[in-house]
Amino acid sequence: MTDVVLEATDLVHHLGQGAGRVQALKGVSLSLKGGELVLLMGPSGSGKTTLLSILGCLMTPDSGTVKVGGQAIAALDPEALAKLRRERIGFIFQSYHLFPTLNAEDNIRLALDVRGERARTAKLAAREVLATVGLGHKRKSFPRELSGGEQQRVAIARAIVGKTQVILADEPTGALDTANGQAIMTLLADIARDPSRAVLVVTHDPRILPFANRVVHIEDGRIVREESGGDQLKKASNA
Amino acid sequence: MSLQFRLASRNLFHDRLRFIATVIGIIFSIVLVTVQMGLYVGFRRMVTTMIDHSPAQLWIMPVGTKCFEDPSLLDERQRFRALAVPGVAEATPLVIGYAQWRLPQGTTTPVFVVGSELRGLGLHPWNVVEGRLDDLSVPGAVAIDQTYFERLGITGVEQTAELRDRKVQVMAVSKGIRSFTTTPYVFTDVERARSYTGTTPSKASYLLVRLASDADLWKVQQALRDSLGNVEVLTASEFRNRSRSFWLFGTGAGAALFAGALLGVIVGTVIVAQTLYSSTKDHLTEFATLRAIGSSSRYIYTVIIWQALLSAIVGFAGAAGIGKIVAAATAESALPVIMTPALTVALFMLTVTMCVGSAIAAIVKVMRIDPAMVFSR
């Protein structure tokens, strides 16, 4: 474990307006170190997605600070935040969010294309990362021609092709069967072995506990406890 | 092929039905603009065709003459005053006017008589395909255009009819001299033109002026104005502009053509805007994903503008094809739709501007995207 790649301190954030306004985060602090796979667990409405959105620089908190790779995001305008995301953060979504009209290779290339990478370099990188996730033979396949597990692997490839420091995954196994879920988590755990990268996974799925270095529990907008992956696994086994 | 272009084209062609509807909308819109503007170009040419085919460098005319067909008269004695002005090499009368043409069967139809001196400076028929211009010197000789054969009850040269109760014989036939008023032109000698139109011998509609080779156009024009007094002296270009101005804007015809073209642009803009907006709305999650993975606003706008440009290119290609067919179909009519290279380029630019402008609504929609929505969908 090395440097802190993502650090959030005392985050407060409200959602909604008027009578419907609720405090989604009530002073959350969290940091991710390189080489770490952290699970963020909590019931629905606990603030997981809001926290993920803020950590992913998709939202700015009402108060508190977020630093990505040491850079504070508070003063950044939307374009600067987009630049930070494309250079430092990779996303994996529960529903994959692949582009249905692009094949697997082009879906992955997108992450490099938005950075202005040359097409040839991006193609080679996309092919390499597709091979890494075991889909080298499916680079010309469109999302509709891939299984759920394969689509999620393409989404992972898209998230890692830019060699970003932080990978944020929202329920990456939520739509997959056990075998595919295990395969996806194995991939994410492999990524997290790189000491310059950290992976944060939001999940409800206890089957993926063995892959975590740390498990953070959030309830009602607060971090209620943190445990090492081993502790959490023992509890799950005893139960 | 850039990935932005690929994404744009796939987004566009993905929903084929919507794309076809868009292209049809653009074609409809641009064909409407093409026809209106083609008519405008055709009208511009037709209203000055007589001026264009006269070798006169200066036209002397009664004050207030609005266009070539204006039947006002001036005193022909002005011709001798004009000839006395330094720099004037030739000044000849031109007589125009309406007359009744009696067909061999006895029915009559109005014609527009154009009479000028047959030798030297004048306004003679061009594109003569039957007979000879020299034959117009024969008493009663006239030239008509083959377009009006049926109307005038003529099938070729040497056939006869009556003009203002005087026997005339067709001695020359031209091809393509049509009037936008649909009244046939009849060319003849100036004296006979006076007789056919009831113009007194001392009067003329215009005096056509040719300058000496070393004369300065503007100086001679001013000298003629000073010398002749109660007339107007216009260069060919000035007379052309005055005729166009009268027919296109004095009569409201030009405004009607422009209004039709504007309607076409509005219809096209609305159709393309609606399509791009709904296409963007359908792909909102994809644009939010692009934003989430860090694309700049410009990257997304480029995708939308590529969609607009693709629609413009495909739509314009169809419209240009139809426009060409319309132009060919009307080429022989009294008011042809004319597609010039400059008009084609202008229409393409208009189509592109219209489609890119239509992308504004879609871009505004994308600007409001919350990239965090990717977690909730």
# chains A, B, ... in the order shown; residues from 1 in each chain; ligands from 1

call {"tool": "residues_around", "arguments": {"residues": "range 65-79 of chain A", "least_positions_apart": "4", "cutoff": "8 Å", "atoms": "only C-alpha atoms", "output": "list of chain:residue names"}}
result
A:Val4, A:Val5, A:Leu6, A:Glu7, A:Ala8, A:Thr9, A:Asp10, A:Leu11, A:Ile54, A:Leu55, A:Cys57, A:Thr60, A:Pro61, A:Lys83, A:Arg88, A:Gln165, B:Ser296, B:Ser297

call {"tool": "write_last_selection", "arguments": {"atoms": "N, CA, C and O atoms", "output": "PDB file, in the first residue's frame"}}
result
ATOM      1  N   VAL A   4      -1.862   7.949  -0.961  1.00  0.00           N
ATOM      2  CA  VAL A   4      -3.316   8.159  -1.031  1.00  0.00           C
ATOM      3  C   VAL A   4      -3.626   8.706  -2.420  1.00  0.00           C
ATOM      4  O   VAL A   4      -3.041   9.707  -2.836  1.00  0.00           O
ATOM      5  N   VAL A   5      -4.508   8.046  -3.146  1.00  0.00           N
ATOM      6  CA  VAL A   5      -4.842   8.520  -4.500  1.00  0.00           C
ATOM      7  C   VAL A   5      -6.161   9.281  -4.508  1.00  0.00           C
ATOM      8  O   VAL A   5      -6.420  10.061  -5.423  1.00  0.00           O
ATOM      9  N   LEU A   6      -6.985   9.028  -3.507  1.00  0.00           N
ATOM     10  CA  LEU A   6      -8.268   9.736  -3.433  1.00  0.00           C
ATOM     11  C   LEU A   6      -8.577   9.995  -1.968  1.00  0.00           C
ATOM     12  O   LEU A   6      -8.494   9.075  -1.150  1.00  0.00           O
ATOM     13  N   GLU A   7      -8.919  11.252  -1.691  1.00  0.00           N
ATOM     14  CA  GLU A   7      -9.150  11.583  -0.288  1.00  0.00           C
ATOM     15  C   GLU A   7     -10.353  12.525  -0.172  1.00  0.00           C
ATOM     16  O   GLU A   7     -10.400  13.564  -0.846  1.00  0.00           O
ATOM     17  N   ALA A   8     -11.309  12.107   0.656  1.00  0.00           N
ATOM     18  CA  ALA A   8     -12.481  12.960   0.902  1.00  0.00           C
ATOM     19  C   ALA A   8     -12.522  13.266   2.394  1.00  0.00           C
ATOM     20  O   ALA A   8     -12.342  12.375   3.218  1.00  0.00           O
ATOM     21  N   THR A   9     -12.761  14.523   2.711  1.00  0.00           N
ATOM     22  CA  THR A   9     -12.766  14.923   4.114  1.00  0.00           C
ATOM     23  C   THR A   9     -14.040  15.687   4.451  1.00  0.00           C
ATOM     24  O   THR A   9     -14.336  16.698   3.807  1.00  0.00           O
ATOM     25  N   ASP A  10     -14.754  15.147   5.422  1.00  0.00           N
ATOM     26  CA  ASP A  10     -15.905  15.842   6.005  1.00  0.00           C
ATOM     27  C   ASP A  10     -16.922  16.311   4.960  1.00  0.00           C
ATOM     28  O   ASP A  10     -17.346  17.470   4.944  1.00  0.00           O
ATOM     29  N   LEU A  11     -17.313  15.381   4.093  1.00  0.00           N
ATOM     30  CA  LEU A  11     -18.248  15.742   3.017  1.00  0.00           C
ATOM     31  C   LEU A  11     -19.673  15.877   3.544  1.00  0.00           C
ATOM     32  O   LEU A  11     -20.178  14.998   4.232  1.00  0.00           O
ATOM     33  N   ILE A  54     -19.668  12.109  -5.888  1.00  0.00           N
ATOM     34  CA  ILE A  54     -18.754  13.173  -5.452  1.00  0.00           C
ATOM     35  C   ILE A  54     -17.301  12.720  -5.574  1.00  0.00           C
ATOM     36  O   ILE A  54     -16.449  13.459  -6.067  1.00  0.00           O
ATOM     37  N   LEU A  55     -17.041  11.481  -5.180  1.00  0.00           N
ATOM     38  CA  LEU A  55     -15.668  10.969  -5.306  1.00  0.00           C
ATOM     39  C   LEU A  55     -15.246  10.905  -6.771  1.00  0.00           C
ATOM     40  O   LEU A  55     -14.072  11.065  -7.096  1.00  0.00           O
ATOM     41  N   CYS A  57     -16.061  13.013  -8.974  1.00  0.00           N
ATOM     42  CA  CYS A  57     -16.046  14.386  -9.512  1.00  0.00           C
ATOM     43  C   CYS A  57     -17.194  14.625 -10.489  1.00  0.00           C
ATOM     44  O   CYS A  57     -17.090  15.432 -11.422  1.00  0.00           O
ATOM     45  N   THR A  60     -20.206  18.217  -7.020  1.00  0.00           N
ATOM     46  CA  THR A  60     -19.353  18.868  -6.016  1.00  0.00           C
ATOM     47  C   THR A  60     -20.135  18.948  -4.703  1.00  0.00           C
ATOM     48  O   THR A  60     -21.345  19.214  -4.716  1.00  0.00           O
ATOM     49  N   PRO A  61     -19.486  18.667  -3.591  1.00  0.00           N
ATOM     50  CA  PRO A  61     -20.207  18.637  -2.305  1.00  0.00           C
ATOM     51  C   PRO A  61     -20.584  20.049  -1.844  1.00  0.00           C
ATOM     52  O   PRO A  61     -19.962  21.025  -2.255  1.00  0.00           O
ATOM     53  N   LYS A  83     -11.819  17.077 -17.311  1.00  0.00           N
ATOM     54  CA  LYS A  83     -10.404  16.769 -17.613  1.00  0.00           C
ATOM     55  C   LYS A  83      -9.812  15.874 -16.529  1.00  0.00           C
ATOM     56  O   LYS A  83      -9.134  14.884 -16.817  1.00  0.00           O
ATOM     57  N   ARG A  88      -7.784  10.795 -14.550  1.00  0.00           N
ATOM     58  CA  ARG A  88      -7.481  10.125 -13.276  1.00  0.00           C
ATOM     59  C   ARG A  88      -8.506   9.115 -12.791  1.00  0.00           C
ATOM     60  O   ARG A  88      -8.223   8.351 -11.880  1.00  0.00           O
ATOM     61  N   GLN A 165      -5.736   6.441 -12.005  1.00  0.00           N
ATOM     62  CA  GLN A 165      -5.332   6.074 -10.646  1.00  0.00           C
ATOM     63  C   GLN A 165      -6.474   5.476  -9.852  1.00  0.00           C
ATOM     64  O   GLN A 165      -6.255   4.665  -8.956  1.00  0.00           O
TER      65      GLN A 165
ATOM     66  N   SER B 296     -14.956  16.414 -23.045  1.00  0.00           N
ATOM     67  CA  SER B 296     -15.231  17.847 -22.920  1.00  0.00           C
ATOM     68  C   SER B 296     -16.593  18.131 -23.554  1.00  0.00           C
ATOM     69  O   SER B 296     -17.112  17.319 -24.328  1.00  0.00           O
ATOM     70  N   SER B 297     -17.149  19.298 -23.254  1.00  0.00           N
ATOM     71  CA  SER B 297     -18.410  19.694 -23.882  1.00  0.00           C
ATOM     72  C   SER B 297     -18.213  19.739 -25.388  1.00  0.00           C
ATOM     73  O   SER B 297     -19.072  19.329 -26.164  1.00  0.00           O
TER      74      SER B 297
END

call {"tool": "interface_residues", "arguments": {"of": "chain A", "to": "chain B", "cutoff": "10 Å", "atoms": "only C-alpha atoms", "output": "ChimeraX atom specification"}}
result
/A:49-50,52-54,56-59,78-102,106-107,109-116,118-119,158-159,169-171

call {"tool": "select_by_dssp", "arguments": {"residues": "range 99-337 of chain B", "states": "helix (DSSP H, G or I)", "output": "PyMOL selection string"}}
result
chain B and resi 133-137+146-152+190-197+217-228+236-250+253-282+284-292+297-330

call {"tool": "residues_around", "arguments": {"residues": "Thr203 in chain A", "least_positions_apart": "6", "cutoff": "8 Å", "atoms": "only C-alpha atoms", "output": "PyMOL selection string"}}
result
chain A and resi 39-42+170-174

call {"tool": "closest_residue", "arguments": {"among": "B:Arg16, B:Arg79, B:Lys324, B:Arg44", "to": "Val209 in chain B", "atoms": "only C-alpha atoms"}}
result
B:Arg79

call {"tool": "select_by_dssp", "arguments": {"residues": "range 87-239 of chain B", "states": "strand (DSSP E or B)", "output": "ChimeraX atom specification"}}
result
/B:88-102,108-116,128-131,141-145,160-163,166-174,185-189,203-204,206-211,231-235

call {"tool": "closest_residue", "arguments": {"among": "A:Glu117, A:Glu36, A:Asp190, A:Glu105", "to": "Ala155 in chain A", "atoms": "only C-alpha atoms"}}
result
A:Glu105

call {"tool": "residues_around", "arguments": {"residues": "range 141-154 of chain B", "least_positions_apart": "4", "cutoff": "7 Å", "atoms": "only C-alpha atoms", "output": "JSON, numbers by chain"}}
result
{"B": [103, 104, 136, 137, 159, 168, 169, 170, 171, 172, 173, 174, 175, 176, 177, 184, 185, 186, 187, 188]}

call {"tool": "atom_distance", "arguments": {"atom1": "CA of Lys203 in chain B", "atom2": "CA of Val95 in chain B"}}
result
8.2 Å

call {"tool": "residues_around", "arguments": {"residues": "Arg18 in chain B", "least_positions_apart": "3", "cutoff": "12 Å", "atoms": "only C-alpha atoms", "output": "VMD selection string"}}
result
chain B and resid 11 to 15 21 to 25 271 to 272 274 to 279 282 311

call {"tool": "residues_around", "arguments": {"residues": "range 55-65 of chain B", "least_positions_apart": "5", "cutoff": "8 Å", "atoms": "only C-alpha atoms", "output": "list in words"}}
result
Asp70, Ser72, Leu73, Leu74, Leu121, Gly122, Leu123, Ser205, Tyr206, Leu207, Leu208, Val209, Arg210, Leu211, Leu217, Gln221, Asn230, Val231, Glu232, Val233, Leu234, Thr235, Ala236 and Phe239 of chain B

call {"tool": "write_last_selection", "arguments": {"atoms": "N, CA, C and O atoms", "output": "mmCIF file, in the first residue's frame"}}
result
data_model
loop_
_atom_site.group_PDB
_atom_site.id
_atom_site.type_symbol
_atom_site.label_atom_id
_atom_site.label_comp_id
_atom_site.auth_asym_id
_atom_site.auth_seq_id
_atom_site.Cartn_x
_atom_site.Cartn_y
_atom_site.Cartn_z
ATOM 1 N N ASP B 70 -41.631 49.274 -70.683
ATOM 2 C CA ASP B 70 -42.386 50.511 -70.438
ATOM 3 C C ASP B 70 -42.639 51.225 -71.769
ATOM 4 O O ASP B 70 -41.698 51.566 -72.487
ATOM 5 N N SER B 72 -43.362 54.225 -72.747
ATOM 6 C CA SER B 72 -43.245 55.691 -72.875
ATOM 7 C C SER B 72 -42.449 56.040 -74.142
ATOM 8 O O SER B 72 -41.658 55.226 -74.631
ATOM 9 N N LEU B 73 -42.644 57.249 -74.625
ATOM 10 C CA LEU B 73 -42.003 57.644 -75.892
ATOM 11 C C LEU B 73 -41.197 58.924 -75.708
ATOM 12 O O LEU B 73 -41.521 59.771 -74.875
ATOM 13 N N LEU B 74 -40.172 59.064 -76.538
ATOM 14 C CA LEU B 74 -39.404 60.312 -76.563
ATOM 15 C C LEU B 74 -39.328 60.808 -78.006
ATOM 16 O O LEU B 74 -39.618 60.073 -78.937
ATOM 17 N N LEU B 121 -26.316 49.493 -85.209
ATOM 18 C CA LEU B 121 -26.742 49.344 -83.820
ATOM 19 C C LEU B 121 -28.256 49.142 -83.724
ATOM 20 O O LEU B 121 -29.030 49.948 -84.233
ATOM 21 N N GLY B 122 -28.666 48.064 -83.116
ATOM 22 C CA GLY B 122 -30.100 47.799 -82.987
ATOM 23 C C GLY B 122 -30.325 46.664 -82.009
ATOM 24 O O GLY B 122 -29.391 46.193 -81.344
ATOM 25 N N LEU B 123 -31.550 46.234 -81.937
ATOM 26 C CA LEU B 123 -31.869 45.081 -81.083
ATOM 27 C C LEU B 123 -32.490 44.028 -81.998
ATOM 28 O O LEU B 123 -33.680 44.086 -82.323
ATOM 29 N N SER B 205 -39.120 54.752 -78.614
ATOM 30 C CA SER B 205 -39.142 54.337 -77.200
ATOM 31 C C SER B 205 -37.776 54.596 -76.557
ATOM 32 O O SER B 205 -37.693 55.036 -75.405
ATOM 33 N N TYR B 206 -36.744 54.283 -77.285
ATOM 34 C CA TYR B 206 -35.375 54.447 -76.767
ATOM 35 C C TYR B 206 -34.480 54.939 -77.883
ATOM 36 O O TYR B 206 -34.780 54.738 -79.072
ATOM 37 N N LEU B 207 -33.374 55.531 -77.477
ATOM 38 C CA LEU B 207 -32.272 55.751 -78.413
ATOM 39 C C LEU B 207 -31.107 54.917 -77.889
ATOM 40 O O LEU B 207 -30.740 55.029 -76.716
ATOM 41 N N LEU B 208 -30.607 54.061 -78.772
ATOM 42 C CA LEU B 208 -29.476 53.217 -78.376
ATOM 43 C C LEU B 208 -28.192 53.923 -78.795
ATOM 44 O O LEU B 208 -28.096 54.424 -79.919
ATOM 45 N N VAL B 209 -27.238 53.945 -77.870
ATOM 46 C CA VAL B 209 -26.002 54.701 -78.137
ATOM 47 C C VAL B 209 -24.791 53.781 -78.093
ATOM 48 O O VAL B 209 -24.648 52.985 -77.167
ATOM 49 N N ARG B 210 -23.958 53.910 -79.143
ATOM 50 C CA ARG B 210 -22.657 53.223 -79.124
ATOM 51 C C ARG B 210 -21.588 54.301 -79.068
ATOM 52 O O ARG B 210 -21.710 55.336 -79.733
ATOM 53 N N LEU B 211 -20.578 54.083 -78.244
ATOM 54 C CA LEU B 211 -19.549 55.095 -78.038
ATOM 55 C C LEU B 211 -18.385 54.913 -79.016
ATOM 56 O O LEU B 211 -18.135 53.798 -79.487
ATOM 57 N N LEU B 217 -17.129 56.270 -70.924
ATOM 58 C CA LEU B 217 -18.570 56.008 -70.744
ATOM 59 C C LEU B 217 -19.237 57.046 -69.837
ATOM 60 O O LEU B 217 -20.280 57.603 -70.176
ATOM 61 N N GLN B 221 -21.966 59.851 -70.820
ATOM 62 C CA GLN B 221 -23.286 59.770 -70.186
ATOM 63 C C GLN B 221 -23.673 61.139 -69.606
ATOM 64 O O GLN B 221 -24.792 61.615 -69.812
ATOM 65 N N ASN B 230 -34.557 66.766 -70.957
ATOM 66 C CA ASN B 230 -35.675 66.055 -70.349
ATOM 67 C C ASN B 230 -35.734 64.552 -70.692
ATOM 68 O O ASN B 230 -36.767 64.044 -71.135
ATOM 69 N N VAL B 231 -34.645 63.855 -70.548
ATOM 70 C CA VAL B 231 -34.608 62.398 -70.775
ATOM 71 C C VAL B 231 -33.694 61.793 -69.713
ATOM 72 O O VAL B 231 -33.018 62.515 -68.986
ATOM 73 N N GLU B 232 -33.689 60.461 -69.678
ATOM 74 C CA GLU B 232 -32.726 59.784 -68.800
ATOM 75 C C GLU B 232 -31.717 59.062 -69.665
ATOM 76 O O GLU B 232 -32.077 58.504 -70.718
ATOM 77 N N VAL B 233 -30.484 59.061 -69.215
ATOM 78 C CA VAL B 233 -29.416 58.363 -69.939
ATOM 79 C C VAL B 233 -28.805 57.350 -68.975
ATOM 80 O O VAL B 233 -28.216 57.734 -67.960
ATOM 81 N N LEU B 234 -29.024 56.090 -69.278
ATOM 82 C CA LEU B 234 -28.525 55.037 -68.378
ATOM 83 C C LEU B 234 -27.539 54.135 -69.116
ATOM 84 O O LEU B 234 -27.698 53.882 -70.318
ATOM 85 N N THR B 235 -26.568 53.646 -68.377
ATOM 86 C CA THR B 235 -25.703 52.605 -68.955
ATOM 87 C C THR B 235 -26.527 51.323 -69.017
ATOM 88 O O THR B 235 -27.579 51.206 -68.346
ATOM 89 N N ALA B 236 -26.040 50.353 -69.785
ATOM 90 C CA ALA B 236 -26.760 49.079 -69.893
ATOM 91 C C ALA B 236 -26.921 48.453 -68.509
ATOM 92 O O ALA B 236 -27.979 47.916 -68.162
ATOM 93 N N PHE B 239 -29.588 50.265 -66.531
ATOM 94 C CA PHE B 239 -30.936 49.960 -67.036
ATOM 95 C C PHE B 239 -31.365 48.547 -66.611
ATOM 96 O O PHE B 239 -32.510 48.292 -66.248
#

call {"tool": "atom_distance", "arguments": {"atom1": "CA of Lys163 in chain A", "atom2": "CA of Ile191 in chain A"}}
result
9.9 Å

call {"tool": "residues_around", "arguments": {"residues": "Asp177 in chain A", "least_positions_apart": "4", "cutoff": "10 Å", "atoms": "only C-alpha atoms", "output": "PyMOL selection string"}}
result
chain A and resi 148-149+173+181-182

call {"tool": "write_last_selection", "arguments": {"atoms": "N, CA and C atoms", "output": "compact mmCIF listing (two decimals), in the first residue's frame"}}
result
# COMPACT_ATOMS: atom_id res chain seq x y z
N GLY A 148 -23.93 -10.60 -20.51
CA GLY A 148 -23.82 -9.58 -19.46
C GLY A 148 -22.41 -9.51 -18.90
N GLY A 149 -21.83 -10.69 -18.64
CA GLY A 149 -20.48 -10.75 -18.08
C GLY A 149 -19.46 -10.16 -19.05
N THR A 173 -21.21 -6.26 -10.08
CA THR A 173 -21.66 -7.65 -10.22
C THR A 173 -23.16 -7.76 -10.06
N GLY A 181 -19.80 -12.88 -11.78
CA GLY A 181 -19.48 -11.93 -10.72
C GLY A 181 -18.08 -12.18 -10.17
N GLN A 182 -17.77 -13.45 -9.94
CA GLN A 182 -16.44 -13.80 -9.42
C GLN A 182 -15.35 -13.42 -10.42
